[in-house]
$ cat protein.pdb   # PDB, C-alpha atoms, pLDDT in the B column
ATOM      1  CA  MET A 258     210.547  92.006 217.243  1.00 48.00           C
ATOM      2  CA  SER A 259     212.833  94.984 217.604  1.00 51.00           C
ATOM      3  CA  ALA A 260     214.566  96.471 214.584  1.00 61.00           C
ATOM      4  CA  SER A 261     217.724  94.497 214.139  1.00 90.00           C
ATOM      5  CA  PHE A 262     220.070  93.294 211.481  1.00 97.00           C
ATOM      6  CA  ALA A 263     221.116  89.689 211.194  1.00 97.00           C
ATOM      7  CA  THR A 264     224.860  89.067 211.261  1.00 96.00           C
ATOM      8  CA  PRO A 265     225.476  85.931 209.206  1.00 97.00           C
ATOM      9  CA  PRO A 266     229.059  85.083 208.196  1.00 96.00           C
ATOM     10  CA  LYS A 267     230.382  85.782 204.693  1.00 97.00           C
ATOM     11  CA  PRO A 268     228.446  84.232 201.787  1.00 98.00           C
ATOM     12  CA  PRO A 269     227.581  81.723 200.582  1.00 98.00           C
ATOM     13  CA  TYR A 270     224.664  80.929 202.878  1.00 98.00           C
ATOM     14  CA  TYR A 271     220.898  80.612 202.418  1.00 98.00           C
ATOM     15  CA  ALA A 272     217.988  83.004 202.876  1.00 98.00           C
ATOM     16  CA  VAL A 273     214.306  82.176 203.280  1.00 98.00           C
ATOM     17  CA  ILE A 274     212.308  85.202 202.154  1.00 98.00           C
ATOM     18  CA  PHE A 275     208.802  85.082 203.602  1.00 97.00           C
ATOM     19  CA  SER A 276     206.454  87.841 202.379  1.00 98.00           C
ATOM     20  CA  SER A 277     203.000  87.881 203.906  1.00 97.00           C
ATOM     21  CA  LEU A 278     199.796  89.825 204.196  1.00 97.00           C
ATOM     22  CA  ARG A 279     198.025  89.507 207.539  1.00 96.00           C
ATOM     23  CA  THR A 280     194.332  89.069 208.042  1.00 95.00           C
ATOM     24  CA  ASP A 281     192.819  91.506 210.520  1.00 92.00           C
ATOM     25  CA  GLN A 282     192.260  88.853 213.173  1.00 89.00           C
ATOM     26  CA  GLY A 283     194.201  87.451 216.091  1.00 86.00           C
ATOM     27  CA  ASP A 284     196.812  90.129 216.677  1.00 87.00           C
ATOM     28  CA  ASP A 285     197.713  89.026 220.200  1.00 92.00           C
ATOM     29  CA  ALA A 286     198.000  85.326 219.419  1.00 94.00           C
ATOM     30  CA  TYR A 287     199.875  86.114 216.222  1.00 94.00           C
ATOM     31  CA  GLY A 288     202.373  88.303 218.065  1.00 93.00           C
ATOM     32  CA  GLU A 289     203.006  85.569 220.607  1.00 95.00           C
ATOM     33  CA  ALA A 290     203.416  82.928 217.915  1.00 95.00           C
ATOM     34  CA  ALA A 291     205.774  85.113 215.891  1.00 93.00           C
ATOM     35  CA  ALA A 292     207.984  85.697 218.924  1.00 94.00           C
ATOM     36  CA  ARG A 293     207.933  81.987 219.721  1.00 95.00           C
ATOM     37  CA  MET A 294     208.938  81.123 216.143  1.00 95.00           C
ATOM     38  CA  VAL A 295     211.968  83.421 216.364  1.00 94.00           C
ATOM     39  CA  GLU A 296     212.947  81.804 219.672  1.00 95.00           C
ATOM     40  CA  LEU A 297     212.480  78.322 218.240  1.00 96.00           C
ATOM     41  CA  ALA A 298     214.307  79.030 214.960  1.00 96.00           C
ATOM     42  CA  ALA A 299     217.296  80.318 216.931  1.00 96.00           C
ATOM     43  CA  GLN A 300     217.622  76.873 218.515  1.00 96.00           C
ATOM     44  CA  GLN A 301     217.686  75.064 215.145  1.00 97.00           C
ATOM     45  CA  PRO A 302     220.991  73.767 213.805  1.00 97.00           C
ATOM     46  CA  GLY A 303     222.296  75.956 210.993  1.00 98.00           C
ATOM     47  CA  TYR A 304     220.350  79.085 211.977  1.00 98.00           C
ATOM     48  CA  LEU A 305     222.246  82.314 211.179  1.00 98.00           C
ATOM     49  CA  GLY A 306     219.774  85.035 212.106  1.00 98.00           C
ATOM     50  CA  VAL A 307     216.543  86.742 211.092  1.00 97.00           C
ATOM     51  CA  GLU A 308     215.326  90.153 209.932  1.00 97.00           C
ATOM     52  CA  SER A 309     211.659  91.000 210.070  1.00 96.00           C
ATOM     53  CA  THR A 310     209.338  93.932 209.623  1.00 96.00           C
ATOM     54  CA  ARG A 311     205.682  94.666 208.964  1.00 95.00           C
ATOM     55  CA  GLY A 312     204.036  97.914 207.913  1.00 94.00           C
ATOM     56  CA  ALA A 313     200.781  99.393 209.175  1.00 93.00           C
ATOM     57  CA  ASP A 314     199.098  98.049 206.022  1.00 94.00           C
ATOM     58  CA  GLY A 315     199.615  94.451 207.198  1.00 95.00           C
ATOM     59  CA  PHE A 316     202.239  93.574 204.606  1.00 97.00           C
ATOM     60  CA  GLY A 317     205.390  92.086 206.116  1.00 97.00           C
ATOM     61  CA  ILE A 318     208.689  90.549 205.113  1.00 98.00           C
ATOM     62  CA  THR A 319     210.734  88.167 207.250  1.00 97.00           C
ATOM     63  CA  VAL A 320     214.077  86.903 206.014  1.00 98.00           C
ATOM     64  CA  SER A 321     215.759  84.099 207.938  1.00 98.00           C
ATOM     65  CA  TYR A 322     219.320  83.019 207.204  1.00 98.00           C
ATOM     66  CA  TRP A 323     220.681  79.480 207.249  1.00 98.00           C
ATOM     67  CA  ILE A 324     223.949  77.666 206.690  1.00 98.00           C
ATOM     68  CA  ASP A 325     222.540  75.297 204.073  1.00 98.00           C
ATOM     69  CA  GLU A 326     219.401  73.755 202.611  1.00 97.00           C
ATOM     70  CA  ALA A 327     219.438  70.865 205.053  1.00 97.00           C
ATOM     71  CA  SER A 328     219.051  73.349 207.923  1.00 98.00           C
ATOM     72  CA  ILE A 329     216.038  74.914 206.203  1.00 98.00           C
ATOM     73  CA  LEU A 330     214.474  71.494 205.767  1.00 97.00           C
ATOM     74  CA  GLY A 331     215.137  70.708 209.440  1.00 97.00           C
ATOM     75  CA  TRP A 332     213.351  73.910 210.438  1.00 97.00           C
ATOM     76  CA  LYS A 333     210.450  73.157 208.102  1.00 96.00           C
ATOM     77  CA  ARG A 334     210.022  69.754 209.760  1.00 96.00           C
ATOM     78  CA  ASN A 335     210.128  71.083 213.319  1.00 96.00           C
ATOM     79  CA  LEU A 336     206.828  69.920 214.832  1.00 96.00           C
ATOM     80  CA  GLU A 337     205.954  73.094 216.689  1.00 96.00           C
ATOM     81  CA  HIS A 338     206.767  75.121 213.575  1.00 96.00           C
ATOM     82  CA  THR A 339     204.511  72.873 211.511  1.00 96.00           C
ATOM     83  CA  ALA A 340     201.609  73.360 213.916  1.00 96.00           C
ATOM     84  CA  ILE A 341     202.048  77.129 213.907  1.00 95.00           C
ATOM     85  CA  ARG A 342     202.210  77.219 210.099  1.00 94.00           C
ATOM     86  CA  GLU A 343     198.890  75.407 210.001  1.00 95.00           C
ATOM     87  CA  ARG A 344     197.364  78.020 212.277  1.00 94.00           C
ATOM     88  CA  GLY A 345     198.845  80.744 210.093  1.00 94.00           C
ATOM     89  CA  ARG A 346     196.942  79.456 207.079  1.00 94.00           C
ATOM     90  CA  LYS A 347     193.709  79.140 209.046  1.00 93.00           C
ATOM     91  CA  GLU A 348     193.754  82.465 210.845  1.00 94.00           C
ATOM     92  CA  TRP A 349     196.581  84.898 210.336  1.00 95.00           C
ATOM     93  CA  TYR A 350     197.495  85.137 206.681  1.00 96.00           C
ATOM     94  CA  GLN A 351     195.593  86.398 203.720  1.00 96.00           C
ATOM     95  CA  GLN A 352     198.419  85.429 201.411  1.00 96.00           C
ATOM     96  CA  PHE A 353     202.090  84.586 201.597  1.00 97.00           C
ATOM     97  CA  GLU A 354     205.008  83.858 199.289  1.00 97.00           C
ATOM     98  CA  LEU A 355     208.039  81.894 200.413  1.00 97.00           C
ATOM     99  CA  ARG A 356     211.306  81.873 198.490  1.00 98.00           C
ATOM    100  CA  VAL A 357     214.467  79.930 199.219  1.00 98.00           C
ATOM    101  CA  ALA A 358     217.566  81.638 197.873  1.00 98.00           C
ATOM    102  CA  LYS A 359     221.316  81.184 197.993  1.00 98.00           C
ATOM    103  CA  VAL A 360     223.073  84.375 199.060  1.00 98.00           C
ATOM    104  CA  GLU A 361     226.080  84.860 196.829  1.00 98.00           C
ATOM    105  CA  ARG A 362     227.260  88.366 197.767  1.00 97.00           C
ATOM    106  CA  ALA A 363     226.629  90.721 200.645  1.00 98.00           C
ATOM    107  CA  TYR A 364     227.509  94.329 201.362  1.00 96.00           C
ATOM    108  CA  GLY A 365     226.882  96.332 204.496  1.00 96.00           C
ATOM    109  CA  TRP A 366     227.149  99.991 205.438  1.00 96.00           C
ATOM    110  CA  SER A 367     226.777 101.749 208.734  1.00 95.00           C
ATOM    111  CA  ARG A 368     226.833 105.467 209.523  1.00 91.00           C
ATOM    112  CA  SER A 369     229.166 104.829 212.425  1.00 86.00           C
ATOM    113  CA  ASP A 370     231.705 103.209 210.067  1.00 78.00           C
ATOM    114  CA  ALA A 371     231.501 106.001 207.502  1.00 70.00           C
ATOM    115  CA  PRO A 372     234.541 108.259 207.143  1.00 65.00           C
ATOM    116  CA  ARG A 373     234.110 111.668 208.728  1.00 57.00           C
ATOM    117  CA  SER A 374     234.502 114.853 206.778  1.00 51.00           C
ATOM    118  CA  PRO A 375     238.126 115.507 205.900  1.00 51.00           C
ATOM    119  CA  VAL A 376     240.053 117.362 208.570  1.00 50.00           C
ATOM    120  CA  HIS A 377     242.772 119.819 207.557  1.00 48.00           C
ATOM    121  CA  GLU A 378     245.861 118.846 209.448  1.00 40.00           C
TER     122      GLU A 378
ATOM    123  CA  MET B 102     204.233 101.762 198.347  1.00 48.00           C
ATOM    124  CA  SER B 103     201.067  99.763 198.785  1.00 51.00           C
ATOM    125  CA  ALA B 104     201.160  96.224 200.160  1.00 61.00           C
ATOM    126  CA  SER B 105     201.752  94.023 197.193  1.00 90.00           C
ATOM    127  CA  PHE B 106     203.384  90.807 196.216  1.00 97.00           C
ATOM    128  CA  ALA B 107     205.799  90.554 193.336  1.00 97.00           C
ATOM    129  CA  THR B 108     204.896  88.013 190.679  1.00 96.00           C
ATOM    130  CA  PRO B 109     208.158  86.793 189.189  1.00 97.00           C
ATOM    131  CA  PRO B 110     208.124  83.691 186.975  1.00 96.00           C
ATOM    132  CA  LYS B 111     209.236  80.292 188.247  1.00 97.00           C
ATOM    133  CA  PRO B 112     212.761  80.063 189.713  1.00 98.00           C
ATOM    134  CA  PRO B 113     215.603  80.380 189.105  1.00 98.00           C
ATOM    135  CA  TYR B 114     215.849  84.179 189.263  1.00 98.00           C
ATOM    136  CA  TYR B 115     217.661  86.642 191.487  1.00 98.00           C
ATOM    137  CA  ALA B 116     216.674  88.601 194.596  1.00 98.00           C
ATOM    138  CA  VAL B 117     218.320  91.688 196.050  1.00 98.00           C
ATOM    139  CA  ILE B 118     217.492  91.821 199.752  1.00 98.00           C
ATOM    140  CA  PHE B 119     217.945  95.348 201.086  1.00 97.00           C
ATOM    141  CA  SER B 120     217.492  95.705 204.863  1.00 98.00           C
ATOM    142  CA  SER B 121     217.764  99.210 206.242  1.00 97.00           C
ATOM    143  CA  LEU B 122     217.316 101.363 209.289  1.00 97.00           C
ATOM    144  CA  ARG B 123     216.185 104.920 208.578  1.00 96.00           C
ATOM    145  CA  THR B 124     217.496 108.029 210.257  1.00 95.00           C
ATOM    146  CA  ASP B 125     214.769 110.278 211.619  1.00 92.00           C
ATOM    147  CA  GLN B 126     215.317 112.948 208.992  1.00 89.00           C
ATOM    148  CA  GLY B 127     213.920 113.760 205.571  1.00 86.00           C
ATOM    149  CA  ASP B 128     210.735 111.738 205.524  1.00 86.00           C
ATOM    150  CA  ASP B 129     209.131 113.626 202.646  1.00 92.00           C
ATOM    151  CA  ALA B 130     212.177 113.620 200.396  1.00 94.00           C
ATOM    152  CA  TYR B 131     212.835 109.978 201.259  1.00 94.00           C
ATOM    153  CA  GLY B 132     209.285 108.960 200.387  1.00 93.00           C
ATOM    154  CA  GLU B 133     209.532 110.724 197.040  1.00 95.00           C
ATOM    155  CA  ALA B 134     212.903 109.147 196.282  1.00 95.00           C
ATOM    156  CA  ALA B 135     211.694 105.669 197.255  1.00 93.00           C
ATOM    157  CA  ALA B 136     208.690 105.970 194.939  1.00 94.00           C
ATOM    158  CA  ARG B 137     210.930 107.255 192.150  1.00 95.00           C
ATOM    159  CA  MET B 138     213.322 104.303 192.631  1.00 95.00           C
ATOM    160  CA  VAL B 139     210.474 101.822 192.245  1.00 94.00           C
ATOM    161  CA  GLU B 140     209.343 103.606 189.081  1.00 95.00           C
ATOM    162  CA  LEU B 141     212.888 103.654 187.706  1.00 96.00           C
ATOM    163  CA  ALA B 142     213.667 100.032 188.606  1.00 96.00           C
ATOM    164  CA  ALA B 143     210.514  98.917 186.792  1.00 96.00           C
ATOM    165  CA  GLN B 144     211.954 100.394 183.584  1.00 96.00           C
ATOM    166  CA  GLN B 145     215.237  98.460 183.906  1.00 97.00           C
ATOM    167  CA  PRO B 146     215.828  95.429 181.686  1.00 97.00           C
ATOM    168  CA  GLY B 147     215.450  92.202 183.662  1.00 98.00           C
ATOM    169  CA  TYR B 148     213.270  93.664 186.439  1.00 98.00           C
ATOM    170  CA  LEU B 149     210.743  91.134 187.804  1.00 98.00           C
ATOM    171  CA  GLY B 150     209.094  93.025 190.661  1.00 98.00           C
ATOM    172  CA  VAL B 151     209.590  94.373 194.162  1.00 97.00           C
ATOM    173  CA  GLU B 152     208.230  93.830 197.666  1.00 98.00           C
ATOM    174  CA  SER B 153     208.822  96.413 200.351  1.00 96.00           C
ATOM    175  CA  THR B 154     207.769  97.245 203.874  1.00 96.00           C
ATOM    176  CA  ARG B 155     208.913  99.316 206.826  1.00 95.00           C
ATOM    177  CA  GLY B 156     207.773  99.181 210.429  1.00 94.00           C
ATOM    178  CA  ALA B 157     207.075 102.104 212.747  1.00 93.00           C
ATOM    179  CA  ASP B 158     210.515 101.497 214.310  1.00 94.00           C
ATOM    180  CA  GLY B 159     212.230 102.595 211.079  1.00 95.00           C
ATOM    181  CA  PHE B 160     213.495  99.134 210.132  1.00 97.00           C
ATOM    182  CA  GLY B 161     212.574  98.139 206.591  1.00 97.00           C
ATOM    183  CA  ILE B 162     213.138  95.375 204.077  1.00 98.00           C
ATOM    184  CA  THR B 163     212.890  95.773 200.306  1.00 97.00           C
ATOM    185  CA  VAL B 164     213.356  92.763 198.058  1.00 98.00           C
ATOM    186  CA  SER B 165     213.655  93.357 194.319  1.00 98.00           C
ATOM    187  CA  TYR B 166     213.618  90.494 191.836  1.00 98.00           C
ATOM    188  CA  TRP B 167     215.686  90.233 188.667  1.00 98.00           C
ATOM    189  CA  ILE B 168     216.202  87.830 185.781  1.00 98.00           C
ATOM    190  CA  ASP B 169     219.954  87.581 186.246  1.00 98.00           C
ATOM    191  CA  GLU B 170     223.038  89.172 187.771  1.00 97.00           C
ATOM    192  CA  ALA B 171     223.652  91.305 184.698  1.00 97.00           C
ATOM    193  CA  SER B 172     220.292  93.011 185.275  1.00 98.00           C
ATOM    194  CA  ILE B 173     221.243  93.755 188.883  1.00 98.00           C
ATOM    195  CA  LEU B 174     224.530  95.259 187.742  1.00 97.00           C
ATOM    196  CA  GLY B 175     222.683  97.348 185.154  1.00 97.00           C
ATOM    197  CA  TRP B 176     220.395  98.702 187.859  1.00 97.00           C
ATOM    198  CA  LYS B 177     223.336  99.402 190.151  1.00 96.00           C
ATOM    199  CA  ARG B 178     224.973 101.456 187.390  1.00 96.00           C
ATOM    200  CA  ASN B 179     221.867 103.476 186.569  1.00 96.00           C
ATOM    201  CA  LEU B 180     222.968 107.088 187.069  1.00 96.00           C
ATOM    202  CA  GLU B 181     219.862 108.355 188.843  1.00 96.00           C
ATOM    203  CA  HIS B 182     219.952 105.316 191.125  1.00 96.00           C
ATOM    204  CA  THR B 183     223.598 106.019 191.929  1.00 96.00           C
ATOM    205  CA  ALA B 184     222.841 109.635 192.853  1.00 96.00           C
ATOM    206  CA  ILE B 185     219.950 108.591 195.093  1.00 95.00           C
ATOM    207  CA  ARG B 186     222.091 105.928 196.796  1.00 94.00           C
ATOM    208  CA  GLU B 187     224.627 108.623 197.623  1.00 95.00           C
ATOM    209  CA  ARG B 188     221.922 110.740 199.209  1.00 94.00           C
ATOM    210  CA  GLY B 189     220.708 107.687 201.133  1.00 94.00           C
ATOM    211  CA  ARG B 190     224.098 107.322 202.786  1.00 94.00           C
ATOM    212  CA  LYS B 191     224.290 111.030 203.588  1.00 93.00           C
ATOM    213  CA  GLU B 192     220.812 111.558 204.942  1.00 94.00           C
ATOM    214  CA  TRP B 193     218.350 108.696 205.114  1.00 95.00           C
ATOM    215  CA  TYR B 194     220.033 105.572 206.391  1.00 96.00           C
ATOM    216  CA  GLN B 195     221.558 104.758 209.714  1.00 96.00           C
ATOM    217  CA  GLN B 196     222.642 101.356 208.467  1.00 96.00           C
ATOM    218  CA  PHE B 197     221.862  98.976 205.653  1.00 97.00           C
ATOM    219  CA  GLU B 198     222.725  95.471 204.487  1.00 97.00           C
ATOM    220  CA  LEU B 199     222.411  94.390 200.888  1.00 97.00           C
ATOM    221  CA  ARG B 200     222.436  90.761 199.832  1.00 98.00           C
ATOM    222  CA  VAL B 201     222.293  89.323 196.336  1.00 98.00           C
ATOM    223  CA  ALA B 202     220.780  85.849 196.235  1.00 98.00           C
ATOM    224  CA  LYS B 203     219.732  83.304 193.652  1.00 98.00           C
ATOM    225  CA  VAL B 204     216.164  82.126 194.231  1.00 98.00           C
ATOM    226  CA  GLU B 205     216.079  78.372 193.800  1.00 98.00           C
ATOM    227  CA  ARG B 206     212.569  77.475 194.972  1.00 97.00           C
ATOM    228  CA  ALA B 207     209.358  79.375 195.597  1.00 98.00           C
ATOM    229  CA  TYR B 208     206.021  78.535 197.125  1.00 96.00           C
ATOM    230  CA  GLY B 209     202.918  80.673 197.391  1.00 96.00           C
ATOM    231  CA  TRP B 210     199.618  80.415 199.209  1.00 96.00           C
ATOM    232  CA  SER B 211     196.526  82.543 199.083  1.00 95.00           C
ATOM    233  CA  ARG B 212     193.344  82.329 201.141  1.00 91.00           C
ATOM    234  CA  SER B 213     191.258  82.688 198.021  1.00 86.00           C
ATOM    235  CA  ASP B 214     192.928  79.589 196.512  1.00 78.00           C
ATOM    236  CA  ALA B 215     192.488  77.515 199.666  1.00 69.00           C
ATOM    237  CA  PRO B 216     189.866  74.774 199.631  1.00 64.00           C
ATOM    238  CA  ARG B 217     186.687  75.748 201.419  1.00 57.00           C
ATOM    239  CA  SER B 218     185.320  73.823 204.327  1.00 52.00           C
ATOM    240  CA  PRO B 219     183.817  70.532 203.180  1.00 52.00           C
ATOM    241  CA  VAL B 220     180.198  70.819 202.129  1.00 50.00           C
ATOM    242  CA  HIS B 221     177.849  67.918 202.783  1.00 49.00           C
ATOM    243  CA  GLU B 222     176.176  67.179 199.497  1.00 40.00           C
TER     244      GLU B 222
END

$ encode --input "protein.pdb" --output "structure tokens"
Amino acid sequence: MSASFATPPKPPYYAVIFSSLRTDQGDDAYGEAAARMVELAAQQPGYLGVESTRGADGFGITVSYWIDEASILGWKRNLEHTAIRERGRKEWYQQFELRVAKVERAYGWSRSDAPRSPVHE
Amino acid sequence: MSASFATPPKPPYYAVIFSSLRTDQGDDAYGEAAARMVELAAQQPGYLGVESTRGADGFGITVSYWIDEASILGWKRNLEHTAIRERGRKEWYQQFELRVAKVERAYGWSRSDAPRSPVHE
């Protein structure tokens, strides 16, 4: 996935923080499955976006954003998602931690929005 | 930082999700500052751990975990942290998003904990 920020609305909303360590097997299939999961999640009701990255050491963090807990449960129960999760445990992950959290405040900053140096008028 | 999972206690606790896109300048100074921030955060009251990763594309996610909102505010007000944040805006970040969230549920899985294949006895 390319480097991109999610753009959920103002809080409150929910975040699923998924931290994982990859095994060293199945890179191609894993890449395909990861892309498919993003595509599939985006079709779920209540989906607000995703941010994801993985370092060269195999440790990665994916945060998906959702309107409410019911949406997260709907995504968890998606059949294709369930099948892929099963494969993740068998082949792709050494370890993972999943945390469901309610986003209460958010703050963003972008260089392009930053004020320029003062100009003497 | 090496690939490692945080080990906070059972929820509820708080997460600060910091997603960022690096500029292409100052890699050495940034690396030093990032390591120093981890060291400094670990000395803050209420700190429960951190998970962090950045891909080759410059997009990174750091999630730090805290006992409560007061701890997060204490960390925000830390003077050295404030100075480093200022430098981050000036030099190291193209964009960032910061979200404060209350972790309500957590689930972990590790290959070493998984049941082995059935053995015929």

$ closest_residue --input "protein.pdb" --among "A:Thr310, A:Met294, A:Ser321, A:Lys359" --to "Pro113 (chain B)" --atoms "all atoms listed in the file"
A:Lys359

$ calpha_fit_and_write --input "protein.pdb" --fixed "chain A" --moving "chain B" --output "short mmCIF file (atom, residue, chain, number, x, y, z; two decimals) with C-alpha atoms, in the coordinates of the input"
data_model
loop_
_atom_site.label_atom_id
_atom_site.label_comp_id
_atom_site.auth_asym_id
_atom_site.auth_seq_id
_atom_site.Cartn_x
_atom_site.Cartn_y
_atom_site.Cartn_z
CA MET B 102 210.68 92.02 217.18
CA SER B 103 213.00 94.98 217.51
CA ALA B 104 214.72 96.47 214.47
CA SER B 105 217.85 94.47 214.02
CA PHE B 106 220.17 93.23 211.37
CA ALA B 107 221.19 89.61 211.11
CA THR B 108 224.92 88.97 211.17
CA PRO B 109 225.52 85.84 209.13
CA PRO B 110 229.08 84.96 208.10
CA LYS B 111 230.40 85.62 204.60
CA PRO B 112 228.44 84.08 201.70
CA PRO B 113 227.55 81.55 200.52
CA TYR B 114 224.62 80.78 202.83
CA TYR B 115 220.88 80.49 202.38
CA ALA B 116 217.98 82.92 202.84
CA VAL B 117 214.30 82.12 203.25
CA ILE B 118 212.31 85.15 202.12
CA PHE B 119 208.81 85.07 203.59
CA SER B 120 206.48 87.83 202.36
CA SER B 121 203.03 87.91 203.89
CA LEU B 122 199.84 89.86 204.19
CA ARG B 123 198.09 89.56 207.55
CA THR B 124 194.38 89.16 208.07
CA ASP B 125 192.92 91.63 210.54
CA GLN B 126 192.34 89.00 213.21
CA GLY B 127 194.27 87.59 216.14
CA ASP B 128 196.90 90.24 216.69
CA ASP B 129 197.80 89.15 220.22
CA ALA B 130 198.05 85.45 219.45
CA TYR B 131 199.94 86.21 216.25
CA GLY B 132 202.46 88.40 218.06
CA GLU B 133 203.07 85.67 220.63
CA ALA B 134 203.45 83.01 217.94
CA ALA B 135 205.83 85.17 215.89
CA ALA B 136 208.05 85.76 218.93
CA ARG B 137 207.97 82.05 219.75
CA MET B 138 208.97 81.17 216.16
CA VAL B 139 212.01 83.44 216.36
CA GLU B 140 212.99 81.83 219.67
CA LEU B 141 212.50 78.34 218.24
CA ALA B 142 214.31 79.03 214.96
CA ALA B 143 217.31 80.32 216.91
CA GLN B 144 217.62 76.88 218.52
CA GLN B 145 217.66 75.06 215.16
CA PRO B 146 220.95 73.72 213.81
CA GLY B 147 222.26 75.89 210.98
CA TYR B 148 220.34 79.05 211.96
CA LEU B 149 222.27 82.25 211.13
CA GLY B 150 219.80 85.00 212.05
CA VAL B 151 216.58 86.71 211.04
CA GLU B 152 215.40 90.12 209.87
CA SER B 153 211.73 91.00 210.00
CA THR B 154 209.42 93.95 209.56
CA ARG B 155 205.77 94.70 208.90
CA GLY B 156 204.15 97.94 207.83
CA ALA B 157 200.92 99.45 209.11
CA ASP B 158 199.21 98.10 205.97
CA GLY B 159 199.70 94.52 207.18
CA PHE B 160 202.32 93.60 204.57
CA GLY B 161 205.46 92.10 206.07
CA ILE B 162 208.74 90.53 205.06
CA THR B 163 210.77 88.14 207.21
CA VAL B 164 214.11 86.86 205.96
CA SER B 165 215.78 84.05 207.90
CA TYR B 166 219.33 82.96 207.16
CA TRP B 167 220.65 79.40 207.23
CA ILE B 168 223.91 77.55 206.66
CA ASP B 169 222.47 75.18 204.07
CA GLU B 170 219.32 73.67 202.61
CA ALA B 171 219.37 70.79 205.08
CA SER B 172 218.99 73.30 207.93
CA ILE B 173 215.99 74.87 206.20
CA LEU B 174 214.40 71.45 205.80
CA GLY B 175 215.07 70.69 209.46
CA TRP B 176 213.31 73.90 210.47
CA LYS B 177 210.40 73.16 208.15
CA ARG B 178 209.96 69.76 209.82
CA ASN B 179 210.09 71.10 213.37
CA LEU B 180 206.79 69.98 214.89
CA GLU B 181 205.93 73.17 216.75
CA HIS B 182 206.75 75.18 213.62
CA THR B 183 204.47 72.94 211.58
CA ALA B 184 201.57 73.44 214.00
CA ILE B 185 202.04 77.21 213.98
CA ARG B 186 202.20 77.28 210.16
CA GLU B 187 198.85 75.49 210.08
CA ARG B 188 197.35 78.12 212.35
CA GLY B 189 198.86 80.84 210.15
CA ARG B 190 196.94 79.54 207.15
CA LYS B 191 193.71 79.25 209.14
CA GLU B 192 193.77 82.58 210.91
CA TRP B 193 196.62 85.00 210.38
CA TYR B 194 197.53 85.20 206.72
CA GLN B 195 195.61 86.45 203.76
CA GLN B 196 198.42 85.45 201.43
CA PHE B 197 202.09 84.59 201.60
CA GLU B 198 205.00 83.83 199.30
CA LEU B 199 208.02 81.87 200.42
CA ARG B 200 211.26 81.81 198.47
CA VAL B 201 214.42 79.86 199.21
CA ALA B 202 217.54 81.53 197.84
CA LYS B 203 221.28 81.04 197.95
CA VAL B 204 223.06 84.23 199.00
CA GLU B 205 226.06 84.69 196.75
CA ARG B 206 227.28 88.18 197.68
CA ALA B 207 226.68 90.57 200.54
CA TYR B 208 227.58 94.16 201.24
CA GLY B 209 226.98 96.20 204.37
CA TRP B 210 227.27 99.85 205.30
CA SER B 211 226.91 101.62 208.59
CA ARG B 212 226.99 105.33 209.38
CA SER B 213 229.31 104.71 212.28
CA ASP B 214 231.85 103.06 209.93
CA ALA B 215 231.65 105.85 207.36
CA PRO B 216 234.59 108.24 207.09
CA ARG B 217 233.97 111.55 208.79
CA SER B 218 234.13 114.82 206.97
CA PRO B 219 237.73 115.75 206.19
CA VAL B 220 239.43 117.63 209.00
CA HIS B 221 241.99 120.30 208.15
CA GLU B 222 245.06 119.47 210.15
#

$ atom_distance --input "protein.pdb" --atom1 "CA of Asp285 (chain A)" --atom2 "CA of Trp349 (chain A)"
10.8 Å

$ closest_atom_pairs --input "protein.pdb" --of "chain B" --to "chain A" --cutoff "10 Å" --atoms "all atoms listed in the file" --output "CSV"
residue,atom,partner,partner_atom,distance
B:Met102,CA,A:Asp314,CA,10.0
B:Ser103,CA,A:Asp314,CA,7.7
B:Ala104,CA,A:Phe316,CA,5.3
B:Ser105,CA,A:Phe316,CA,7.4
B:Phe106,CA,A:Ser276,CA,7.5
B:Ala107,CA,A:Glu354,CA,9.0
B:Thr108,CA,A:Glu354,CA,9.6
B:Pro112,CA,A:Arg356,CA,9.1
B:Pro113,CA,A:Ala358,CA,9.1
B:Tyr114,CA,A:Ala358,CA,9.1
B:Tyr115,CA,A:Ala358,CA,8.1
B:Ala116,CA,A:Ala358,CA,7.7
B:Val117,CA,A:Val360,CA,9.2
B:Ile118,CA,A:Val320,CA,8.7
B:Phe119,CA,A:Gly365,CA,9.6
B:Ser120,CA,A:Phe262,CA,7.5
B:Ser121,CA,A:Phe262,CA,8.2
B:Leu122,CA,A:Ala260,CA,7.7
B:Thr124,CA,A:Arg368,CA,9.7
B:Glu152,CA,A:Ser276,CA,7.8
B:Ser153,CA,A:Ile318,CA,7.6
B:Thr154,CA,A:Gly312,CA,5.5
B:Arg155,CA,A:Gly312,CA,5.2
B:Gly156,CA,A:Gly312,CA,4.7
B:Ala157,CA,A:Gly312,CA,7.1
B:Asp158,CA,A:Ala260,CA,6.5
B:Gly159,CA,A:Ala260,CA,7.4
B:Phe160,CA,A:Ala260,CA,5.3
B:Gly161,CA,A:Thr310,CA,6.1
B:Ile162,CA,A:Ile318,CA,6.6
B:Thr163,CA,A:Ile318,CA,8.2
B:Val164,CA,A:Ile274,CA,8.7
B:Arg190,CA,A:Arg368,CA,7.5
B:Lys191,CA,A:Arg368,CA,8.5
B:Glu192,CA,A:Arg368,CA,9.7
B:Tyr194,CA,A:Arg368,CA,7.5
B:Gln195,CA,A:Arg368,CA,5.3
B:Gln196,CA,A:Ser367,CA,4.2
B:Phe197,CA,A:Trp366,CA,5.4
B:Glu198,CA,A:Gly365,CA,4.2
B:Leu199,CA,A:Tyr364,CA,5.1
B:Arg200,CA,A:Ala363,CA,4.3
B:Val201,CA,A:Arg362,CA,5.3
B:Ala202,CA,A:Val360,CA,3.9
B:Lys203,CA,A:Ala358,CA,5.0
B:Val204,CA,A:Ala358,CA,3.9
B:Glu205,CA,A:Ala358,CA,5.4
B:Arg206,CA,A:Val357,CA,5.3
B:Ala207,CA,A:Arg356,CA,4.3
B:Tyr208,CA,A:Leu355,CA,5.1
B:Gly209,CA,A:Glu354,CA,4.3
B:Trp210,CA,A:Phe353,CA,5.4
B:Ser211,CA,A:Gln352,CA,4.2
B:Arg212,CA,A:Gln351,CA,5.3
B:Ser213,CA,A:Gln351,CA,8.1
B:Asp214,CA,A:Gln352,CA,9.4
B:Ala215,CA,A:Arg346,CA,8.9
